Every structure is written in C-alpha cells, then in structure tokens.
>>> print(open('my_file_38.cif').read())   # mmCIF, C-alpha atoms
data_data
#
loop_
_atom_site.label_atom_id
_atom_site.label_comp_id
_atom_site.auth_asym_id
_atom_site.auth_seq_id
_atom_site.Cartn_x
_atom_site.Cartn_y
_atom_site.Cartn_z
CA MET S 14 -75.06 -53.10 -78.31
CA THR S 15 -74.17 -50.34 -75.90
CA LEU S 16 -72.14 -50.67 -72.74
CA GLN S 17 -75.29 -50.44 -70.64
CA GLN S 18 -76.86 -53.36 -72.45
CA ILE S 19 -73.73 -55.47 -71.99
CA TYR S 20 -73.77 -54.62 -68.26
CA PHE S 21 -77.43 -55.56 -68.00
CA GLY S 22 -76.84 -58.71 -70.02
CA TYR S 23 -74.11 -59.87 -67.66
CA PHE S 24 -76.30 -59.30 -64.59
CA ALA S 25 -79.40 -60.86 -66.13
CA THR S 26 -77.53 -63.98 -67.25
CA MET S 27 -75.77 -64.42 -63.93
CA MET S 28 -78.95 -63.85 -61.93
CA THR S 29 -80.84 -66.46 -63.95
CA ILE S 30 -78.04 -69.02 -63.64
CA ILE S 31 -77.62 -68.37 -59.91
CA SER S 32 -81.38 -68.63 -59.33
CA LEU S 33 -81.35 -72.04 -61.00
CA LEU S 34 -78.40 -73.06 -58.81
CA VAL S 35 -80.21 -71.87 -55.66
CA VAL S 36 -83.25 -73.95 -56.52
CA SER S 37 -81.38 -77.08 -57.60
CA ARG S 38 -78.63 -77.57 -54.97
CA LYS S 39 -79.09 -80.56 -52.71
CA ASN S 40 -77.28 -79.12 -49.72
CA PRO S 41 -79.23 -76.19 -48.18
CA VAL S 42 -75.97 -74.48 -47.17
CA HIS S 43 -74.93 -74.32 -50.82
CA SER S 44 -78.33 -72.85 -51.69
CA VAL S 45 -77.90 -70.12 -49.10
CA LEU S 46 -74.39 -69.30 -50.27
CA TRP S 47 -75.53 -69.02 -53.89
CA MET S 48 -78.35 -66.81 -52.66
CA LEU S 49 -75.72 -64.50 -51.15
CA VAL S 50 -74.01 -64.25 -54.57
CA LEU S 51 -77.42 -63.50 -56.08
CA PHE S 52 -77.99 -60.67 -53.60
CA VAL S 53 -74.67 -59.07 -54.48
CA HIS S 54 -75.64 -59.17 -58.16
CA MET S 55 -79.03 -57.67 -57.34
CA ALA S 56 -77.34 -54.86 -55.45
CA GLY S 57 -75.28 -54.17 -58.57
CA LEU S 58 -78.44 -54.00 -60.64
CA TYR S 59 -80.01 -51.61 -58.11
CA LEU S 60 -76.98 -49.33 -58.39
CA PHE S 61 -77.45 -49.43 -62.15
CA LEU S 62 -81.06 -48.26 -61.60
CA ASN S 63 -80.04 -45.30 -59.39
CA ALA S 64 -81.26 -46.90 -56.16
CA GLU S 65 -78.13 -46.60 -54.01
CA PHE S 66 -80.00 -46.81 -50.70
CA LEU S 67 -81.74 -50.03 -51.71
CA ALA S 68 -78.45 -51.52 -52.89
CA ALA S 69 -77.00 -50.90 -49.44
CA VAL S 70 -80.12 -52.25 -47.71
CA GLN S 71 -80.04 -55.32 -49.94
CA ILE S 72 -76.50 -56.14 -48.81
CA ILE S 73 -76.95 -55.21 -45.14
CA VAL S 74 -80.41 -56.62 -44.43
CA TYR S 75 -80.74 -59.50 -46.88
CA ALA S 76 -77.19 -60.75 -47.15
CA GLY S 77 -76.13 -59.69 -43.66
CA ALA S 78 -79.17 -60.56 -41.57
CA ILE S 79 -81.73 -62.79 -43.25
CA MET S 80 -79.31 -65.20 -44.90
CA VAL S 81 -77.27 -65.51 -41.69
CA LEU S 82 -80.53 -66.42 -39.96
CA PHE S 83 -81.07 -69.13 -42.57
CA LEU S 84 -77.53 -70.43 -42.05
CA PHE S 85 -78.03 -70.59 -38.28
CA VAL S 86 -81.29 -72.52 -38.65
CA ILE S 87 -79.69 -74.99 -41.07
CA MET S 88 -76.90 -75.41 -38.53
CA LEU S 89 -79.42 -76.10 -35.75
CA LEU S 90 -81.27 -78.71 -37.76
CA ASN S 91 -79.48 -81.97 -38.45
CA LEU S 92 -79.98 -82.51 -42.18
CA ARG S 93 -77.25 -85.04 -42.98
CA LYS S 94 -79.72 -87.86 -43.54
CA GLU S 95 -82.06 -85.88 -45.77
CA GLU S 96 -79.26 -84.83 -48.10
CA LYS S 97 -78.93 -88.37 -49.37
CA GLU S 98 -82.54 -88.64 -50.52
CA PHE S 99 -84.21 -87.44 -53.70
CA ARG S 100 -84.54 -83.68 -53.52
CA LEU S 101 -87.88 -83.20 -55.32
CA GLN S 102 -91.39 -84.15 -54.35
CA LYS S 103 -93.48 -86.63 -56.28
CA GLN S 104 -95.45 -83.96 -58.12
CA TRP S 105 -92.41 -82.14 -59.51
CA PRO S 106 -93.30 -82.57 -63.24
CA VAL S 107 -96.65 -80.87 -62.60
CA SER S 108 -94.98 -77.97 -60.82
CA ALA S 109 -92.41 -77.65 -63.61
CA VAL S 110 -95.17 -77.42 -66.21
CA THR S 111 -97.03 -74.91 -64.04
CA ALA S 112 -93.96 -72.71 -63.64
CA VAL S 113 -93.16 -72.79 -67.36
CA LEU S 114 -96.76 -71.93 -68.32
CA PHE S 115 -96.75 -69.13 -65.75
CA LEU S 116 -93.53 -67.79 -67.24
CA VAL S 117 -94.96 -67.91 -70.77
CA VAL S 118 -98.08 -66.02 -69.69
CA LEU S 119 -96.09 -63.42 -67.74
CA VAL S 120 -93.62 -62.79 -70.56
CA SER S 121 -96.29 -62.62 -73.23
CA ILE S 122 -98.23 -60.03 -71.21
CA LEU S 123 -95.45 -58.02 -69.58
CA GLY S 124 -92.99 -58.14 -72.48
CA LYS S 125 -95.28 -55.95 -74.56
CA ILE S 126 -95.35 -52.92 -72.26
CA THR S 127 -94.82 -49.89 -74.47
CA VAL S 128 -97.15 -47.17 -73.22
CA LEU S 129 -96.09 -45.65 -69.94
CA PRO S 130 -98.02 -43.09 -67.88
CA GLU S 131 -96.58 -39.61 -67.54
CA LEU S 132 -93.30 -39.37 -65.69
CA GLY S 133 -93.12 -38.36 -62.04
CA GLU S 134 -91.11 -35.56 -60.50
CA TYR S 135 -88.21 -37.69 -59.22
CA SER S 136 -85.88 -37.53 -62.19
CA ILE S 137 -82.27 -38.65 -61.93
CA ASP S 138 -81.01 -35.07 -61.85
CA MET S 139 -83.41 -34.19 -59.04
CA ILE S 140 -82.41 -37.26 -56.99
CA ASN S 141 -78.72 -36.57 -57.59
CA ALA S 142 -79.10 -32.94 -56.56
CA GLN S 143 -80.90 -33.85 -53.35
CA GLY S 144 -79.19 -37.15 -52.59
CA SER S 145 -80.77 -40.60 -52.78
CA LEU S 146 -81.09 -41.11 -49.03
CA MET S 147 -82.54 -37.63 -48.50
CA THR S 148 -85.17 -38.16 -51.19
CA ILE S 149 -86.30 -41.52 -49.83
CA GLY S 150 -86.28 -40.21 -46.27
CA ASN S 151 -88.41 -37.23 -47.18
CA VAL S 152 -91.07 -39.40 -48.80
CA LEU S 153 -90.86 -42.19 -46.20
CA TYR S 154 -91.36 -39.94 -43.18
CA THR S 155 -94.11 -37.77 -44.65
CA LYS S 156 -96.30 -39.51 -47.21
CA TYR S 157 -95.63 -43.04 -45.97
CA LEU S 158 -95.39 -42.38 -42.24
CA LEU S 159 -98.29 -44.64 -41.24
CA PRO S 160 -97.09 -47.66 -43.27
CA PHE S 161 -93.64 -47.08 -41.79
CA GLU S 162 -95.02 -47.24 -38.24
CA ILE S 163 -97.05 -50.33 -39.10
CA ALA S 164 -93.89 -51.95 -40.47
CA SER S 165 -92.12 -51.27 -37.17
CA VAL S 166 -95.00 -52.88 -35.25
CA LEU S 167 -94.79 -55.83 -37.65
CA LEU S 168 -91.10 -56.25 -36.84
CA LEU S 169 -91.87 -56.11 -33.12
CA VAL S 170 -94.49 -58.84 -33.56
CA ALA S 171 -91.94 -60.90 -35.49
CA ILE S 172 -89.35 -60.54 -32.71
CA VAL S 173 -91.80 -61.54 -29.97
CA GLY S 174 -93.26 -64.33 -32.08
CA ALA S 175 -89.87 -65.81 -32.92
CA VAL S 176 -88.82 -65.82 -29.27
CA VAL S 177 -92.11 -67.37 -28.12
CA LEU S 178 -92.02 -70.06 -30.80
CA ALA S 179 -88.41 -71.04 -30.40
CA LYS S 180 -88.03 -70.98 -26.61
CA LYS S 181 -88.09 -74.09 -24.47
CA ARG S 182 -91.34 -75.02 -22.76
CA ILE S 183 -91.14 -74.34 -19.01
CA GLU S 184 -93.31 -76.84 -17.17
CA MET H 21 -80.45 -47.52 -73.11
CA VAL H 22 -81.84 -50.73 -71.68
CA PRO H 23 -85.59 -51.13 -72.34
CA LEU H 24 -87.90 -51.54 -69.37
CA ASN H 25 -89.20 -54.84 -70.80
CA TRP H 26 -85.86 -56.52 -70.22
CA TYR H 27 -86.07 -55.91 -66.48
CA ILE H 28 -89.65 -57.15 -66.39
CA ILE H 29 -88.72 -60.33 -68.24
CA LEU H 30 -85.73 -60.90 -65.94
CA SER H 31 -88.07 -60.47 -62.99
CA ALA H 32 -90.59 -62.92 -64.49
CA VAL H 33 -87.88 -65.52 -65.12
CA MET H 34 -86.58 -65.28 -61.54
CA PHE H 35 -90.12 -65.46 -60.16
CA SER H 36 -90.89 -68.59 -62.19
CA ILE H 37 -87.68 -70.29 -61.06
CA GLY H 38 -88.56 -69.50 -57.46
CA MET H 39 -92.10 -70.76 -58.00
CA PHE H 40 -90.83 -74.04 -59.43
CA GLY H 41 -88.55 -74.48 -56.44
CA PHE H 42 -91.29 -73.68 -53.97
CA LEU H 43 -93.70 -76.15 -55.56
CA SER H 44 -91.28 -79.02 -56.04
CA ARG H 45 -88.55 -79.12 -53.37
CA ARG H 46 -88.99 -81.37 -50.35
CA ASN H 47 -86.76 -79.45 -47.98
CA LEU H 48 -88.74 -76.84 -46.02
CA VAL H 49 -85.73 -74.53 -45.58
CA ILE H 50 -85.10 -74.47 -49.33
CA MET H 51 -88.79 -73.72 -49.87
CA PHE H 52 -88.32 -70.64 -47.68
CA ILE H 53 -85.26 -69.64 -49.70
CA CYS H 54 -87.36 -69.93 -52.87
CA LEU H 55 -89.93 -67.65 -51.25
CA GLU H 56 -87.20 -65.07 -50.70
CA LEU H 57 -86.19 -65.55 -54.34
CA MET H 58 -89.73 -64.73 -55.49
CA LEU H 59 -89.88 -61.62 -53.28
CA ASN H 60 -86.56 -60.47 -54.72
CA ALA H 61 -87.78 -61.01 -58.26
CA VAL H 62 -90.70 -58.69 -57.54
CA ASN H 63 -88.28 -56.17 -56.02
CA VAL H 64 -86.29 -56.05 -59.26
CA SER H 65 -89.37 -55.13 -61.25
CA LEU H 66 -90.44 -52.53 -58.66
CA VAL H 67 -87.06 -50.79 -58.72
CA ALA H 68 -87.05 -50.86 -62.53
CA PHE H 69 -90.51 -49.29 -62.69
CA SER H 70 -89.47 -46.73 -60.12
CA HIS H 71 -86.49 -45.75 -62.26
CA TYR H 72 -88.30 -45.64 -65.60
CA LEU H 73 -91.38 -43.78 -64.31
CA GLN H 74 -89.18 -41.34 -62.34
CA SER H 75 -91.22 -42.05 -59.24
CA ILE H 76 -89.91 -42.86 -55.77
CA ASN H 77 -92.91 -44.97 -54.70
CA GLY H 78 -91.47 -48.19 -56.09
CA GLN H 79 -88.37 -47.89 -53.94
CA ILE H 80 -90.47 -47.25 -50.84
CA LEU H 81 -92.49 -50.37 -51.62
CA VAL H 82 -89.28 -52.40 -51.95
CA PHE H 83 -88.28 -51.14 -48.51
CA PHE H 84 -91.53 -52.50 -47.05
CA VAL H 85 -91.18 -55.77 -48.95
CA ILE H 86 -87.75 -56.24 -47.36
CA THR H 87 -89.28 -55.56 -43.92
CA VAL H 88 -92.01 -58.13 -44.48
CA ALA H 89 -89.46 -60.64 -45.81
CA ALA H 90 -87.37 -60.24 -42.66
CA ALA H 91 -90.40 -60.76 -40.41
CA GLU H 92 -91.58 -63.72 -42.45
CA ALA H 93 -88.15 -65.38 -42.39
CA ALA H 94 -87.82 -64.96 -38.61
CA ILE H 95 -91.28 -66.36 -37.84
CA GLY H 96 -91.10 -69.13 -40.44
CA LEU H 97 -87.72 -70.38 -39.30
CA ALA H 98 -88.87 -70.26 -35.66
CA ILE H 99 -91.86 -72.42 -36.64
CA ILE H 100 -89.52 -74.86 -38.41
CA ILE H 101 -87.36 -75.16 -35.28
CA ALA H 102 -90.39 -75.58 -33.04
CA TYR H 103 -91.70 -78.31 -35.33
CA TYR H 104 -88.32 -80.02 -35.56
CA LYS H 105 -88.19 -80.37 -31.77
CA ASN H 106 -91.31 -82.57 -31.85
CA ASN H 107 -90.79 -84.37 -35.16
CA PRO H 108 -87.21 -84.42 -36.43
CA THR H 109 -87.98 -84.05 -40.12
CA ILE H 110 -88.32 -81.06 -42.44
CA LYS H 111 -89.48 -82.92 -45.52
CA VAL H 112 -92.79 -81.34 -46.46
CA ASP H 113 -94.32 -84.60 -47.69
CA GLU H 114 -93.76 -86.13 -44.26
CA ILE H 115 -95.19 -83.20 -42.31
CA ASN H 116 -98.72 -84.56 -42.25
CA ILE H 117 -99.83 -84.58 -38.63
CA LEU H 118 -102.93 -82.57 -39.50
CA LYS H 119 -103.97 -85.21 -42.01
CA GLY H 120 -106.88 -87.25 -40.63
#
>>> encode(input="my_file_38.cif", output="structure tokens")
Amino acid sequence: MTLQQIYFGYFATMMTIISLLVVSRKNPVHSVLWMLVLFVHMAGLYLFLNAEFLAAVQIIVYAGAIMVLFLFVIMLLNLRKEEKEFRLQKQWPVSAVTAVLFLVVLVSILGKITVLPELGEYSIDMINAQGSLMTIGNVLYTKYLLPFEIASVLLLVAIVGAVVLAKKRIE
Amino acid sequence: MVPLNWYIILSAVMFSIGMFGFLSRRNLVIMFICLELMLNAVNVSLVAFSHYLQSINGQILVFFVITVAAAEAAIGLAIIIAYYKNNPTIKVDEINILKG
C-alpha cells in the first residue's frame, strides 16, 4: 500500500459517503452543503490527477456559483412543510434495484479495463514544462475553438432564458 | 501507482448513487442536485482517463460539461421558481397538471 493509494483511498471513501449523505438528507440545505464538501474533495482528486486548472474551476464555478444558485432557490421556495413528509417517492424500491443493477453492470464491464490505446503527447513532464493553464488554453483556443464559441452562446441562452422564466408577468 | 480501474469504479459508484437519488427523491431541488452529482461522477472518470492516456481532450470535455451543468442549473431552477409561483409545491409526484 503506497502513499498514493492511501491518498486515493481516503478520497474515494469520503466521496462515496458524502454522495450518500447528499442523496439521503431530508433538508435540501444540508444536501447542498454536503455537496460543497464533495466538490472540495473532488478538487483534491483533480489535483492528484495533474489537472490544476480543473481543480480551480471546480471550486470557483461549482462550489462558488452553481451551489450558491441552489441555495438561493431553496431560500426563495418555502419548504418547511415538505420537510416533515416522507422523502422518497412510492417507487423507491424499484429505483434502488435499478441503481444497484446498473452499478453491478458498470463495475463488471469497466473494472476489467486493462488494454489502453497508445499514449498521447501530453505527458506530465510536458504539461509541467509548459504549465497546465497554457496547455489547456492552447488546445481550447485552436482545436476546440468552435465548441468553445458554441458553449458561450449556450451560456448566453441560459442567461436570457433564466431571466425570462423567472421575471414577473407584466400585464 | 493507483490503477485506472479504481477511478472508474469510484465514478460508477457515484453515478449510481446519483441515479438512485434522481429516481427516488420527491423534492425537485434535490433531484437537480443528484443530476449535478451524476455529471460530476462522469467528470471524475474523464479526468482520470485524460491523466492515464496522457491526452488533454478529457480535461477539455470536463470544461464543457461544467459549462452545460451551469446552464442547466440556471434554467432548471428558473423553471422551478416559475412553477412554484403558480402551484406552491415542488414534490414531483404532485406536479401532474399535464396529466389528463
């Protein structure tokens, strides 16, 4: 058992436990707060995988923006009454069986990956020499320029759509 | 060295937990949180593949997944608020206006 495996083991165990907590809490605010803890752990795992930029984006965008949006919406809705009721739908045993079967299938297929295709050019030494942000930027603004522009249009549509949906009707 | 399979199995476990939550919870906001959980589970596997194949494409894909997740959260939560103004409930088994 090397140090790396212990590190991974800590993160994997915590992420599984926190995911279960996120799904099972009755109060949505508690779910969101556990989700924040989960995002911090995921950022740690990304750092472990040499993805420093994504670790930063995970904290800034997910924890800083999306989860705050969730908290604001929970604050706007009045959920006191619903917290007292049973938290699962009627069909929850069926969905539990479905999820477990899905997990068994996924693990039995994906757990056996041994043959990998040939390695690409972005080795750790190369990324470290150039810098993580520089490497991603170079690829993002050349090879993936069109998807990047489409993503910006998508965000614009989301902004306009959110404003139109949430604003008051003016008679 | 940590084998790649461990990351994939971690990702599969998180995805299944999110799937169970999405299929079984009554609260619409928590269903959205479970959706984010599933997207994040996929992100873990993408970053792991990107690291082990020494390719940068996985990280770029994660970047786009985060963008789509942000757009989806904004629109979805706006729809929830718009619905809540008309019918003050967010229990999915009571949102059945479309039912004939």
>>> resolve_selection(input="my_file_38.cif", expression="the PyMOL selection byres ((chain S) within 7 of (chain H))", output="CSV table (one decimal) with C-alpha atoms, in the frame of the given file")
chain,number,residue,atom,x,y,z
S,17,GLN,CA,-75.3,-50.4,-70.6
S,18,GLN,CA,-76.9,-53.4,-72.4
S,25,ALA,CA,-79.4,-60.9,-66.1
S,29,THR,CA,-80.8,-66.5,-64.0
S,32,SER,CA,-81.4,-68.6,-59.3
S,33,LEU,CA,-81.4,-72.0,-61.0
S,36,VAL,CA,-83.2,-74.0,-56.5
S,41,PRO,CA,-79.2,-76.2,-48.2
S,62,LEU,CA,-81.1,-48.3,-61.6
S,79,ILE,CA,-81.7,-62.8,-43.2
S,86,VAL,CA,-81.3,-72.5,-38.6
S,100,ARG,CA,-84.5,-83.7,-53.5
S,101,LEU,CA,-87.9,-83.2,-55.3
S,102,GLN,CA,-91.4,-84.2,-54.4
S,104,GLN,CA,-95.4,-84.0,-58.1
S,105,TRP,CA,-92.4,-82.1,-59.5
S,108,SER,CA,-95.0,-78.0,-60.8
S,109,ALA,CA,-92.4,-77.6,-63.6
S,112,ALA,CA,-94.0,-72.7,-63.6
S,115,PHE,CA,-96.8,-69.1,-65.8
S,116,LEU,CA,-93.5,-67.8,-67.2
S,119,LEU,CA,-96.1,-63.4,-67.7
S,120,VAL,CA,-93.6,-62.8,-70.6
S,123,LEU,CA,-95.4,-58.0,-69.6
S,124,GLY,CA,-93.0,-58.1,-72.5
S,126,ILE,CA,-95.4,-52.9,-72.3
S,132,LEU,CA,-93.3,-39.4,-65.7
S,133,GLY,CA,-93.1,-38.4,-62.0
S,134,GLU,CA,-91.1,-35.6,-60.5
S,135,TYR,CA,-88.2,-37.7,-59.2
S,136,SER,CA,-85.9,-37.5,-62.2
S,153,LEU,CA,-90.9,-42.2,-46.2
S,164,ALA,CA,-93.9,-52.0,-40.5
S,168,LEU,CA,-91.1,-56.2,-36.8
S,171,ALA,CA,-91.9,-60.9,-35.5
S,174,GLY,CA,-93.3,-64.3,-32.1
S,175,ALA,CA,-89.9,-65.8,-32.9
S,178,LEU,CA,-92.0,-70.1,-30.8
S,179,ALA,CA,-88.4,-71.0,-30.4
>>> resolve_selection(input="my_file_38.cif", expression="the PyMOL selection byres ((chain S and resi 54) around 12)", output="ChimeraX atom specification")
/S:20-32,47-53,55-61,68,71-72,76 /H:60,64
>>> resolve_selection(input="my_file_38.cif", expression="the PyMOL selection byres ((chain S and resi 150) around 12)", output="PyMOL selection string")
(chain S and resi 66+140+143-149+151-158+161) or (chain H and resi 76-77+79-80+83)
>>> atom_distance(input="my_file_38.cif", atom1="CA of Asn91 (chain S)", atom2="CA of Ile115 (chain H)")
16.2 Å
>>> atom_distance(input="my_file_38.cif", atom1="CA of Val177 (chain S)", atom2="CA of Leu55 (chain H)")
23.2 Å
>>> build_atoms(input="my_file_38.cif", residues="region 69-80 of chain H", atoms="N, CA, C and O atoms", output="PDB file, in the frame of the given file")
ATOM      1  N   PHE H  69     -89.392 -50.206 -62.437  1.00  0.00           N
ATOM      2  CA  PHE H  69     -90.510 -49.290 -62.690  1.00  0.00           C
ATOM      3  C   PHE H  69     -90.254 -47.940 -62.054  1.00  0.00           C
ATOM      4  O   PHE H  69     -90.517 -46.896 -62.650  1.00  0.00           O
ATOM      5  N   SER H  70     -89.741 -47.977 -60.828  1.00  0.00           N
ATOM      6  CA  SER H  70     -89.470 -46.730 -60.120  1.00  0.00           C
ATOM      7  C   SER H  70     -88.489 -45.865 -60.892  1.00  0.00           C
ATOM      8  O   SER H  70     -88.631 -44.643 -60.963  1.00  0.00           O
ATOM      9  N   HIS H  71     -87.487 -46.501 -61.509  1.00  0.00           N
ATOM     10  CA  HIS H  71     -86.490 -45.750 -62.260  1.00  0.00           C
ATOM     11  C   HIS H  71     -87.084 -45.208 -63.561  1.00  0.00           C
ATOM     12  O   HIS H  71     -86.886 -44.035 -63.898  1.00  0.00           O
ATOM     13  N   TYR H  72     -87.829 -46.047 -64.272  1.00  0.00           N
ATOM     14  CA  TYR H  72     -88.300 -45.640 -65.600  1.00  0.00           C
ATOM     15  C   TYR H  72     -89.478 -44.682 -65.531  1.00  0.00           C
ATOM     16  O   TYR H  72     -89.707 -43.925 -66.470  1.00  0.00           O
ATOM     17  N   LEU H  73     -90.265 -44.721 -64.449  1.00  0.00           N
ATOM     18  CA  LEU H  73     -91.380 -43.780 -64.310  1.00  0.00           C
ATOM     19  C   LEU H  73     -90.962 -42.529 -63.547  1.00  0.00           C
ATOM     20  O   LEU H  73     -91.790 -41.666 -63.286  1.00  0.00           O
ATOM     21  N   GLN H  74     -89.695 -42.476 -63.129  1.00  0.00           N
ATOM     22  CA  GLN H  74     -89.180 -41.340 -62.340  1.00  0.00           C
ATOM     23  C   GLN H  74     -90.043 -41.075 -61.115  1.00  0.00           C
ATOM     24  O   GLN H  74     -90.389 -39.944 -60.805  1.00  0.00           O
ATOM     25  N   SER H  75     -90.404 -42.168 -60.448  1.00  0.00           N
ATOM     26  CA  SER H  75     -91.220 -42.050 -59.240  1.00  0.00           C
ATOM     27  C   SER H  75     -90.492 -42.762 -58.119  1.00  0.00           C
ATOM     28  O   SER H  75     -89.784 -43.738 -58.353  1.00  0.00           O
ATOM     29  N   ILE H  76     -90.648 -42.278 -56.883  1.00  0.00           N
ATOM     30  CA  ILE H  76     -89.910 -42.860 -55.770  1.00  0.00           C
ATOM     31  C   ILE H  76     -90.731 -43.952 -55.072  1.00  0.00           C
ATOM     32  O   ILE H  76     -90.217 -44.698 -54.258  1.00  0.00           O
ATOM     33  N   ASN H  77     -92.015 -44.065 -55.425  1.00  0.00           N
ATOM     34  CA  ASN H  77     -92.910 -44.970 -54.700  1.00  0.00           C
ATOM     35  C   ASN H  77     -92.467 -46.423 -54.791  1.00  0.00           C
ATOM     36  O   ASN H  77     -92.605 -47.174 -53.820  1.00  0.00           O
ATOM     37  N   GLY H  78     -91.915 -46.816 -55.944  1.00  0.00           N
ATOM     38  CA  GLY H  78     -91.470 -48.190 -56.090  1.00  0.00           C
ATOM     39  C   GLY H  78     -90.382 -48.541 -55.094  1.00  0.00           C
ATOM     40  O   GLY H  78     -90.395 -49.615 -54.491  1.00  0.00           O
ATOM     41  N   GLN H  79     -89.452 -47.611 -54.894  1.00  0.00           N
ATOM     42  CA  GLN H  79     -88.370 -47.890 -53.940  1.00  0.00           C
ATOM     43  C   GLN H  79     -88.886 -47.989 -52.521  1.00  0.00           C
ATOM     44  O   GLN H  79     -88.420 -48.820 -51.736  1.00  0.00           O
ATOM     45  N   ILE H  80     -89.886 -47.158 -52.178  1.00  0.00           N
ATOM     46  CA  ILE H  80     -90.470 -47.250 -50.840  1.00  0.00           C
ATOM     47  C   ILE H  80     -91.132 -48.616 -50.653  1.00  0.00           C
ATOM     48  O   ILE H  80     -90.993 -49.259 -49.602  1.00  0.00           O
TER      49      ILE H  80
END
